[in-house]
Amino acid sequence: MVAPSLDKITSFTPPQRTLMGPGPSNINPRVLSAMSLPVIGHLDPAFAGMMEELKVLLRYGFQTKNPLTYPISGPGSVGMENCFVNMVSPGDKVIVCRNGVFGGRMIENVERSRGIPVIIDDTWGEPVDPNKVEDALKKNPDARIVAFVHAETSTGCESDAKLLAQIAHKHDAMVIVDTVTSLGGCPVLVDEWELDAVYSGTQKCLSCAPGLSPVTFSERAVDYVTKRKDKVQSWFMDLNLILNYWGNTARTYHHTAPVNALYGLHEAMVMVKEEGLENAWARHTLHHQALKAGFDVLGLQFVVKEESRLPQMNLVTIPEGIDEAAVRQELLNEFNLEIGAGLGPLAGKVWRVGLMGYTAQKESVILCLSALGSVLARKGYAVNAGAAEAAALKVYAAQK
Ligand SMILES: *Cc1c(COP(=O)(O)O)cnc(C)c1O
């Protein structure tokens, strides 16, 4: 891209897109209005009150009583790093499950925290194999932590977080769990599943702007971090310092909170509470079923087996002879519709169609089926025009 010349630059107006990729998803207008409210000081008592409410709302979202539940100032990746730098001390052995992109990033985080990763690989598109985790723990009785991704956005696959946590605890290991794509889209039951250090993101199923990462730490995890003898290598992320800011009501300055972004998350979480978590999960499932009915008619095959398929992230294989990038380009240019490309071993082989948060609604499903059907038809792929939309509508009709 050629650098634009300064004298030609004016205000930026983004196009209106339907975001059905791996995130960000569309943002509810209520969240956008909340973000445009006047800024106040981040030590203002009114702001402190909002923060206390936000912690309560996030505890509801995570289904936890953990006192240390708060939003980190930074995207999901910072939430990930936060969990690793606090939970992993130099020399610690960490079992890392990799069945997609984000498991790979966890390995990076262990290494950068000077830990020793023990890597368990599973095929992309399949869940983490609990037997391999159990074997690794038997072979490495000194492993302190098991880290895994609950909902792998790169593959659309869900792993059994409850079972993996049970196995880890049986061997006296804590768990670090990535719930960036699962929170708000399918059950994440932090207390019932006994998860220790959990991070998420705002821009996937919470219908909020990118840039914040809700996290929650079990008492056991907090106990570990507060008793650590060595200094956590990151000043910004050290929970021992953050505790004085988010942890109690007598706040001391740590960093300037992203005030307006937090208004947005507060509103997004109020909306989750109004809808009810169970209803939000059911909504993601319903629209996934409608999309699937349409994809079946279009002849698009799902990559992940039904029992571990995530409703909010649908991976389908690309039909023979179709230029996948050209299709995505046309969807964007002609229909203002974004869908995602495959990553790693799935690059060029799949599309990733997200149905997250505010995007998980009937209008997105019908638009996607009709736009994709029309673009595929133009590229010479036999499509029964209108039949995919009809199949989706049938799923909706059956709900009433
Ligand atoms: C998106 C995502 C992240 C990273 O979140 P960012 O907000 O992009 O930093 C981490 N893990 C998973 C599973 C994700 O889908």
# chains A, B, ... in the order shown; residues from 1 in each chain; ligands from 1
>>> residues_around(residues="Asp296 in chain A", least_positions_apart="4", cutoff="12 Å", atoms="only C-alpha atoms", output="ChimeraX atom specification")
/A:288-292,300-302,316-317,369,373,383-384,387-392
>>> residues_around(residues="Val88 in chain A", least_positions_apart="6", cutoff="10 Å", atoms="only C-alpha atoms", output="list in words")
Val94, Asn109, Val110, Glu111, Arg112, Ser113, Arg114, Gly115, Ile116, Arg144, Ile145, Tyr224, Val225, Arg228 and Val232 of chain A
>>> closest_residue(among="A:Ala209, A:Lys162, A:Gln361, A:Leu355", to="Thr181 in chain A", atoms="only C-alpha atoms")
A:Leu355
>>> residues_near_ligand(ligand="ligand 1", cutoff="10 Å", atoms="only C-alpha atoms and all ligand atoms", output="JSON, numbers by chain")
{"A": [22, 23, 24, 74, 75, 76, 77, 78, 79, 80, 81, 100, 101, 102, 103, 105, 106, 148, 149, 150, 151, 152, 153, 154, 155, 156, 177, 178, 179, 180, 181, 182, 199, 200, 201, 202, 203, 204, 209, 210, 211, 212, 213, 313]}
>>> residues_around(residues="His255 in chain A", least_positions_apart="5", cutoff="12 Å", atoms="only C-alpha atoms", output="PDB file with N, CA, C and O atoms, in the first residue's frame")
ATOM      1  N   GLY A  41     -12.713  10.353  35.326  1.00  0.00           N
ATOM      2  CA  GLY A  41     -11.424   9.910  35.873  1.00  0.00           C
ATOM      3  C   GLY A  41     -11.505   8.459  36.292  1.00  0.00           C
ATOM      4  O   GLY A  41     -12.542   8.015  36.792  1.00  0.00           O
ATOM      5  N   HIS A  42     -10.440   7.732  36.095  1.00  0.00           N
ATOM      6  CA  HIS A  42     -10.510   6.301  36.414  1.00  0.00           C
ATOM      7  C   HIS A  42     -10.385   6.032  37.906  1.00  0.00           C
ATOM      8  O   HIS A  42     -10.476   4.900  38.343  1.00  0.00           O
ATOM      9  N   LEU A  43     -10.173   7.099  38.708  1.00  0.00           N
ATOM     10  CA  LEU A  43     -10.224   6.930  40.169  1.00  0.00           C
ATOM     11  C   LEU A  43     -11.465   7.628  40.733  1.00  0.00           C
ATOM     12  O   LEU A  43     -11.641   7.714  41.947  1.00  0.00           O
ATOM     13  N   ILE A  72      -8.854  -7.289  31.768  1.00  0.00           N
ATOM     14  CA  ILE A  72      -7.494  -6.801  31.538  1.00  0.00           C
ATOM     15  C   ILE A  72      -7.528  -5.769  30.414  1.00  0.00           C
ATOM     16  O   ILE A  72      -8.284  -5.915  29.454  1.00  0.00           O
ATOM     17  N   SER A  73      -6.724  -4.713  30.569  1.00  0.00           N
ATOM     18  CA  SER A  73      -6.625  -3.685  29.531  1.00  0.00           C
ATOM     19  C   SER A  73      -5.737  -4.209  28.416  1.00  0.00           C
ATOM     20  O   SER A  73      -4.523  -4.023  28.443  1.00  0.00           O
ATOM     21  N   GLY A  74      -6.339  -4.859  27.457  1.00  0.00           N
ATOM     22  CA  GLY A  74      -5.580  -5.444  26.346  1.00  0.00           C
ATOM     23  C   GLY A  74      -6.425  -6.546  25.733  1.00  0.00           C
ATOM     24  O   GLY A  74      -7.327  -7.079  26.393  1.00  0.00           O
ATOM     25  N   TRP A 235       5.984  -6.177  34.605  1.00  0.00           N
ATOM     26  CA  TRP A 235       5.457  -5.243  35.597  1.00  0.00           C
ATOM     27  C   TRP A 235       3.971  -4.984  35.352  1.00  0.00           C
ATOM     28  O   TRP A 235       3.159  -5.039  36.268  1.00  0.00           O
ATOM     29  N   PHE A 236       3.603  -4.745  34.098  1.00  0.00           N
ATOM     30  CA  PHE A 236       2.227  -4.368  33.761  1.00  0.00           C
ATOM     31  C   PHE A 236       1.238  -5.459  34.160  1.00  0.00           C
ATOM     32  O   PHE A 236       0.113  -5.191  34.557  1.00  0.00           O
ATOM     33  N   MET A 237       1.646  -6.715  34.002  1.00  0.00           N
ATOM     34  CA  MET A 237       0.712  -7.812  34.197  1.00  0.00           C
ATOM     35  C   MET A 237       0.783  -8.459  35.575  1.00  0.00           C
ATOM     36  O   MET A 237      -0.035  -9.314  35.876  1.00  0.00           O
ATOM     37  N   LEU A 241       0.374  -6.543  41.747  1.00  0.00           N
ATOM     38  CA  LEU A 241       0.210  -5.087  41.657  1.00  0.00           C
ATOM     39  C   LEU A 241      -1.216  -4.733  41.225  1.00  0.00           C
ATOM     40  O   LEU A 241      -1.809  -3.779  41.705  1.00  0.00           O
ATOM     41  N   ILE A 242      -1.758  -5.549  40.304  1.00  0.00           N
ATOM     42  CA  ILE A 242      -3.117  -5.309  39.786  1.00  0.00           C
ATOM     43  C   ILE A 242      -4.146  -5.459  40.908  1.00  0.00           C
ATOM     44  O   ILE A 242      -5.168  -4.780  40.920  1.00  0.00           O
ATOM     45  N   ASN A 244      -4.179  -4.426  43.778  1.00  0.00           N
ATOM     46  CA  ASN A 244      -4.440  -3.153  44.467  1.00  0.00           C
ATOM     47  C   ASN A 244      -5.339  -2.223  43.661  1.00  0.00           C
ATOM     48  O   ASN A 244      -5.796  -1.212  44.166  1.00  0.00           O
ATOM     49  N   TYR A 245      -5.518  -2.555  42.404  1.00  0.00           N
ATOM     50  CA  TYR A 245      -6.326  -1.685  41.546  1.00  0.00           C
ATOM     51  C   TYR A 245      -7.715  -2.265  41.357  1.00  0.00           C
ATOM     52  O   TYR A 245      -8.725  -1.642  41.641  1.00  0.00           O
ATOM     53  N   TRP A 246      -7.770  -3.501  40.872  1.00  0.00           N
ATOM     54  CA  TRP A 246      -9.051  -4.154  40.627  1.00  0.00           C
ATOM     55  C   TRP A 246      -9.544  -4.945  41.832  1.00  0.00           C
ATOM     56  O   TRP A 246     -10.725  -5.223  41.975  1.00  0.00           O
TER      57      TRP A 246
END
>>> atom_distance(atom1="CA of Met174 in chain A", atom2="CA of Trp124 in chain A")
24.4 Å
>>> closest_residue(among="A:Gly125, A:Pro319, A:Gly340, A:Gly91", to="Leu376 in chain A", atoms="only C-alpha atoms")
A:Pro319
>>> atom_distance(atom1="CA of Lys394 in chain A", atom2="CA of Thr18 in chain A")
22.6 Å
>>> select_by_dssp(residues="range 15-249 of chain A", states="strand (DSSP E)", output="ChimeraX atom specification")
/A:18-20,69-73,93-98,116-121,145-149,151-152,157-158,174-178,197-199,212-217
>>> residues_around(residues="Ala341 in chain A", least_positions_apart="5", cutoff="10 Å", atoms="only C-alpha atoms", output="NGL selection string")
:A and (21-22 or 154 or 315 or 324-325 or 328 or 346-353)
>>> select_by_dssp(residues="range 6-95 of chain A", states="alpha helix (DSSP H)", output="ChimeraX atom specification")
/A:29-35,45-62,76-87
>>> write_last_selection(atoms="N, CA, C and O atoms", output="short mmCIF file (atom, residue, chain, number, x, y, z; two decimals), in the first residue's frame")
data_model
loop_
_atom_site.label_atom_id
_atom_site.label_comp_id
_atom_site.auth_asym_id
_atom_site.auth_seq_id
_atom_site.Cartn_x
_atom_site.Cartn_y
_atom_site.Cartn_z
N PRO A 29 -25.46 -1.96 18.85
CA PRO A 29 -25.47 -0.49 18.91
C PRO A 29 -25.52 0.05 20.34
O PRO A 29 -24.96 1.11 20.62
N ARG A 30 -26.14 -0.69 21.25
CA ARG A 30 -26.18 -0.24 22.66
C ARG A 30 -24.77 -0.15 23.23
O ARG A 30 -24.46 0.74 24.04
N VAL A 31 -23.91 -1.08 22.83
CA VAL A 31 -22.52 -1.08 23.31
C VAL A 31 -21.77 0.11 22.72
O VAL A 31 -21.03 0.82 23.42
N LEU A 32 -22.00 0.36 21.44
CA LEU A 32 -21.34 1.49 20.78
C LEU A 32 -21.76 2.81 21.42
O LEU A 32 -20.94 3.70 21.62
N SER A 33 -23.06 2.96 21.75
CA SER A 33 -23.48 4.22 22.39
C SER A 33 -22.86 4.36 23.77
O SER A 33 -22.44 5.45 24.15
N ALA A 34 -22.79 3.25 24.49
CA ALA A 34 -22.19 3.32 25.84
C ALA A 34 -20.75 3.81 25.74
O ALA A 34 -20.28 4.59 26.57
N MET A 35 -20.05 3.38 24.70
CA MET A 35 -18.64 3.75 24.55
C MET A 35 -18.45 5.23 24.22
O MET A 35 -17.36 5.77 24.39
N PRO A 45 -15.12 8.08 42.05
CA PRO A 45 -15.98 7.09 42.74
C PRO A 45 -17.04 6.51 41.81
O PRO A 45 -17.40 5.33 41.93
N ALA A 46 -17.55 7.30 40.87
CA ALA A 46 -18.56 6.79 39.93
C ALA A 46 -17.95 5.69 39.07
O ALA A 46 -18.59 4.68 38.76
N PHE A 47 -16.69 5.87 38.70
CA PHE A 47 -16.02 4.85 37.89
C PHE A 47 -15.78 3.59 38.72
O PHE A 47 -15.98 2.46 38.26
N ALA A 48 -15.39 3.79 39.98
CA ALA A 48 -15.15 2.64 40.86
C ALA A 48 -16.42 1.82 41.02
O ALA A 48 -16.39 0.59 41.02
N GLY A 49 -17.56 2.51 41.11
CA GLY A 49 -18.85 1.82 41.21
C GLY A 49 -19.12 0.99 39.98
O GLY A 49 -19.56 -0.17 40.05
N MET A 50 -18.82 1.55 38.82
CA MET A 50 -19.02 0.84 37.56
C MET A 50 -18.11 -0.40 37.51
O MET A 50 -18.52 -1.48 37.10
N MET A 51 -16.87 -0.24 37.98
CA MET A 51 -15.94 -1.37 37.99
C MET A 51 -16.45 -2.51 38.89
O MET A 51 -16.33 -3.68 38.55
N GLU A 52 -17.00 -2.13 40.05
CA GLU A 52 -17.52 -3.17 40.95
C GLU A 52 -18.66 -3.92 40.28
O GLU A 52 -18.76 -5.14 40.38
N GLU A 53 -19.53 -3.19 39.57
CA GLU A 53 -20.63 -3.85 38.85
C GLU A 53 -20.08 -4.77 37.76
O GLU A 53 -20.56 -5.88 37.57
N LEU A 54 -19.06 -4.27 37.07
CA LEU A 54 -18.49 -5.05 35.98
C LEU A 54 -17.92 -6.37 36.49
O LEU A 54 -18.07 -7.43 35.86
N LYS A 55 -17.29 -6.33 37.66
CA LYS A 55 -16.75 -7.58 38.23
C LYS A 55 -17.88 -8.57 38.52
O LYS A 55 -17.75 -9.77 38.26
N VAL A 56 -19.00 -8.05 39.04
CA VAL A 56 -20.15 -8.92 39.34
C VAL A 56 -20.69 -9.51 38.03
O VAL A 56 -21.00 -10.71 37.94
N LEU A 57 -20.80 -8.65 37.01
CA LEU A 57 -21.32 -9.12 35.72
C LEU A 57 -20.40 -10.18 35.10
O LEU A 57 -20.86 -11.18 34.54
N LEU A 58 -19.08 -9.97 35.21
CA LEU A 58 -18.14 -10.95 34.64
C LEU A 58 -18.17 -12.27 35.41
O LEU A 58 -18.03 -13.34 34.83
N ARG A 59 -18.40 -12.17 36.74
CA ARG A 59 -18.53 -13.42 37.52
C ARG A 59 -19.74 -14.20 37.03
O ARG A 59 -19.70 -15.43 36.93
N TYR A 60 -20.80 -13.49 36.69
CA TYR A 60 -21.98 -14.17 36.12
C TYR A 60 -21.60 -14.80 34.77
O TYR A 60 -21.90 -15.98 34.52
N GLY A 61 -20.91 -14.05 33.94
CA GLY A 61 -20.52 -14.56 32.62
C GLY A 61 -19.68 -15.82 32.71
O GLY A 61 -19.88 -16.78 31.97
N PHE A 62 -18.75 -15.83 33.66
CA PHE A 62 -17.86 -16.98 33.84
C PHE A 62 -18.48 -18.04 34.75
O PHE A 62 -17.86 -19.07 35.00
N GLY A 76 -7.48 -10.30 23.86
CA GLY A 76 -7.41 -11.68 24.34
C GLY A 76 -5.98 -12.18 24.48
O GLY A 76 -5.66 -12.91 25.41
N SER A 77 -5.12 -11.78 23.55
CA SER A 77 -3.72 -12.22 23.60
C SER A 77 -3.02 -11.75 24.87
O SER A 77 -2.14 -12.43 25.39
N VAL A 78 -3.40 -10.58 25.35
CA VAL A 78 -2.81 -10.06 26.60
C VAL A 78 -3.37 -10.86 27.79
O VAL A 78 -2.65 -11.14 28.74
N GLY A 79 -4.64 -11.26 27.69
CA GLY A 79 -5.22 -12.12 28.72
C GLY A 79 -4.45 -13.43 28.80
O GLY A 79 -4.13 -13.94 29.87
N MET A 80 -4.12 -13.97 27.62
CA MET A 80 -3.34 -15.21 27.55
C MET A 80 -1.99 -15.01 28.24
O MET A 80 -1.61 -15.75 29.14
N GLU A 81 -1.30 -13.97 27.83
CA GLU A 81 0.04 -13.71 28.37
C GLU A 81 -0.03 -13.47 29.88
O GLU A 81 0.83 -13.94 30.63
N ASN A 82 -1.06 -12.77 30.31
CA ASN A 82 -1.24 -12.49 31.72
C ASN A 82 -1.31 -13.79 32.54
O ASN A 82 -0.66 -13.92 33.58
N CYS A 83 -2.09 -14.75 32.05
CA CYS A 83 -2.23 -16.01 32.78
C CYS A 83 -0.89 -16.73 32.85
O CYS A 83 -0.51 -17.28 33.89
N PHE A 84 -0.15 -16.74 31.74
CA PHE A 84 1.12 -17.48 31.72
C PHE A 84 2.20 -16.80 32.56
O PHE A 84 2.88 -17.48 33.33
N VAL A 85 2.35 -15.48 32.44
CA VAL A 85 3.45 -14.85 33.21
C VAL A 85 3.21 -14.95 34.71
O VAL A 85 4.17 -15.03 35.49
N ASN A 86 1.95 -14.98 35.11
CA ASN A 86 1.68 -15.07 36.54
C ASN A 86 1.74 -16.49 37.08
O ASN A 86 2.19 -16.73 38.18
N MET A 87 1.28 -17.43 36.27
CA MET A 87 1.15 -18.82 36.75
C MET A 87 2.41 -19.66 36.54
O MET A 87 2.57 -20.70 37.17
#
>>> atom_distance(atom1="CA of Leu19 in chain A", atom2="CA of Gly354 in chain A")
7.7 Å
>>> residues_around(residues="Asn26 in chain A", least_positions_apart="4", cutoff="8 Å", atoms="only C-alpha atoms", output="list in words")
Thr18, Leu19, Ser207, Cys208, Gly357, Tyr358 and Thr359 of chain A
>>> write_last_selection(atoms="N, CA, C and O atoms", output="PDB file, in the first residue's frame")
ATOM      1  N   THR A  18     -21.070  -7.138   7.575  1.00  0.00           N
ATOM      2  CA  THR A  18     -21.553  -8.222   8.431  1.00  0.00           C
ATOM      3  C   THR A  18     -20.340  -9.098   8.704  1.00  0.00           C
ATOM      4  O   THR A  18     -19.727  -9.625   7.770  1.00  0.00           O
ATOM      5  N   LEU A  19     -19.980  -9.202   9.973  1.00  0.00           N
ATOM      6  CA  LEU A  19     -18.725  -9.856  10.337  1.00  0.00           C
ATOM      7  C   LEU A  19     -18.951 -11.308  10.749  1.00  0.00           C
ATOM      8  O   LEU A  19     -19.337 -11.599  11.878  1.00  0.00           O
ATOM      9  N   SER A 207     -20.212  -9.609  21.846  1.00  0.00           N
ATOM     10  CA  SER A 207     -20.725  -8.490  21.017  1.00  0.00           C
ATOM     11  C   SER A 207     -20.155  -7.141  21.422  1.00  0.00           C
ATOM     12  O   SER A 207     -20.837  -6.124  21.386  1.00  0.00           O
ATOM     13  N   CYS A 208     -18.900  -7.129  21.843  1.00  0.00           N
ATOM     14  CA  CYS A 208     -18.291  -5.904  22.341  1.00  0.00           C
ATOM     15  C   CYS A 208     -17.066  -5.578  21.484  1.00  0.00           C
ATOM     16  O   CYS A 208     -16.611  -6.399  20.691  1.00  0.00           O
ATOM     17  N   GLY A 357     -21.893 -13.702  19.065  1.00  0.00           N
ATOM     18  CA  GLY A 357     -22.498 -12.524  19.691  1.00  0.00           C
ATOM     19  C   GLY A 357     -23.614 -11.938  18.849  1.00  0.00           C
ATOM     20  O   GLY A 357     -24.528 -12.640  18.412  1.00  0.00           O
ATOM     21  N   TYR A 358     -23.531 -10.635  18.614  1.00  0.00           N
ATOM     22  CA  TYR A 358     -24.586  -9.910  17.895  1.00  0.00           C
ATOM     23  C   TYR A 358     -24.738 -10.422  16.454  1.00  0.00           C
ATOM     24  O   TYR A 358     -25.767 -10.257  15.827  1.00  0.00           O
ATOM     25  N   THR A 359     -23.677 -11.032  15.923  1.00  0.00           N
ATOM     26  CA  THR A 359     -23.764 -11.584  14.570  1.00  0.00           C
ATOM     27  C   THR A 359     -24.648 -12.835  14.540  1.00  0.00           C
ATOM     28  O   THR A 359     -25.173 -13.184  13.485  1.00  0.00           O
TER      29      THR A 359
END
>>> residues_around(residues="range 285-287 of chain A", least_positions_apart="5", cutoff="10 Å", atoms="only C-alpha atoms", output="number ranges by chain")
A: 185-186, 279-280, 292-293, 310-312, 355-356, 359-366, 392, 395-396, 399
>>> write_last_selection(atoms="N, CA, C and O atoms", output="short mmCIF file (atom, residue, chain, number, x, y, z; two decimals), in the first residue's frame")
data_model
loop_
_atom_site.label_atom_id
_atom_site.label_comp_id
_atom_site.auth_asym_id
_atom_site.auth_seq_id
_atom_site.Cartn_x
_atom_site.Cartn_y
_atom_site.Cartn_z
N GLY A 185 -20.93 -17.83 24.14
CA GLY A 185 -21.43 -18.57 22.98
C GLY A 185 -21.83 -20.00 23.31
O GLY A 185 -22.68 -20.59 22.66
N CYS A 186 -21.18 -20.58 24.32
CA CYS A 186 -21.51 -21.94 24.78
C CYS A 186 -21.09 -22.01 26.25
O CYS A 186 -20.36 -21.14 26.73
N ASN A 279 -29.98 -18.54 27.45
CA ASN A 279 -30.63 -18.12 26.21
C ASN A 279 -29.60 -17.72 25.16
O ASN A 279 -29.80 -17.93 23.96
N ALA A 280 -28.51 -17.11 25.60
CA ALA A 280 -27.45 -16.73 24.65
C ALA A 280 -26.85 -17.99 24.02
O ALA A 280 -26.62 -18.05 22.81
N LYS A 292 -26.24 -24.54 9.25
CA LYS A 292 -25.85 -25.89 8.85
C LYS A 292 -26.85 -26.49 7.85
O LYS A 292 -26.45 -27.10 6.86
N ALA A 293 -28.14 -26.26 8.09
CA ALA A 293 -29.16 -26.76 7.17
C ALA A 293 -28.92 -26.18 5.78
O ALA A 293 -29.01 -26.88 4.76
N LEU A 310 -18.35 -26.38 17.39
CA LEU A 310 -18.75 -25.14 18.07
C LEU A 310 -19.83 -24.44 17.25
O LEU A 310 -19.62 -24.19 16.07
N PRO A 311 -20.95 -24.08 17.88
CA PRO A 311 -21.99 -23.39 17.11
C PRO A 311 -21.51 -22.03 16.59
O PRO A 311 -21.93 -21.59 15.52
N GLN A 312 -20.60 -21.40 17.32
CA GLN A 312 -20.19 -20.03 16.97
C GLN A 312 -19.06 -19.99 15.93
O GLN A 312 -18.70 -18.92 15.48
N LEU A 355 -20.41 -17.21 13.90
CA LEU A 355 -21.75 -16.75 14.32
C LEU A 355 -21.60 -16.39 15.78
O LEU A 355 -21.97 -17.14 16.66
N MET A 356 -21.00 -15.22 16.00
CA MET A 356 -20.65 -14.88 17.38
C MET A 356 -21.39 -13.64 17.83
O MET A 356 -21.46 -12.65 17.10
N THR A 359 -23.68 -11.03 15.92
CA THR A 359 -23.76 -11.58 14.57
C THR A 359 -24.65 -12.84 14.54
O THR A 359 -25.17 -13.18 13.49
N ALA A 360 -24.80 -13.51 15.68
CA ALA A 360 -25.61 -14.73 15.73
C ALA A 360 -27.08 -14.35 15.69
O ALA A 360 -27.75 -14.27 16.72
N GLN A 361 -27.55 -14.04 14.50
CA GLN A 361 -28.97 -13.71 14.29
C GLN A 361 -29.38 -14.15 12.89
O GLN A 361 -28.54 -14.37 12.02
N LYS A 362 -30.69 -14.26 12.71
CA LYS A 362 -31.26 -14.79 11.48
C LYS A 362 -30.77 -14.03 10.23
O LYS A 362 -30.43 -14.65 9.21
N GLU A 363 -30.71 -12.71 10.33
CA GLU A 363 -30.32 -11.90 9.17
C GLU A 363 -28.94 -12.30 8.65
O GLU A 363 -28.72 -12.35 7.44
N SER A 364 -27.99 -12.58 9.56
CA SER A 364 -26.64 -12.95 9.13
C SER A 364 -26.67 -14.30 8.41
O SER A 364 -25.99 -14.48 7.40
N VAL A 365 -27.44 -15.24 8.96
CA VAL A 365 -27.49 -16.59 8.40
C VAL A 365 -28.05 -16.53 6.97
O VAL A 365 -27.46 -17.08 6.04
N ILE A 366 -29.16 -15.82 6.81
CA ILE A 366 -29.79 -15.75 5.49
C ILE A 366 -28.88 -15.02 4.50
O ILE A 366 -28.70 -15.44 3.36
N ALA A 392 -32.80 -23.16 5.83
CA ALA A 392 -32.54 -22.43 7.08
C ALA A 392 -33.86 -21.94 7.67
O ALA A 392 -34.09 -22.06 8.89
N VAL A 395 -35.66 -24.45 9.68
CA VAL A 395 -35.16 -24.63 11.05
C VAL A 395 -35.78 -23.58 11.97
O VAL A 395 -36.22 -23.88 13.08
N TYR A 396 -35.84 -22.33 11.49
CA TYR A 396 -36.44 -21.27 12.31
C TYR A 396 -37.92 -21.53 12.55
O TYR A 396 -38.42 -21.35 13.65
N GLN A 399 -38.81 -23.85 15.31
CA GLN A 399 -38.57 -23.34 16.66
C GLN A 399 -39.81 -22.70 17.26
O GLN A 399 -39.91 -22.53 18.46
#
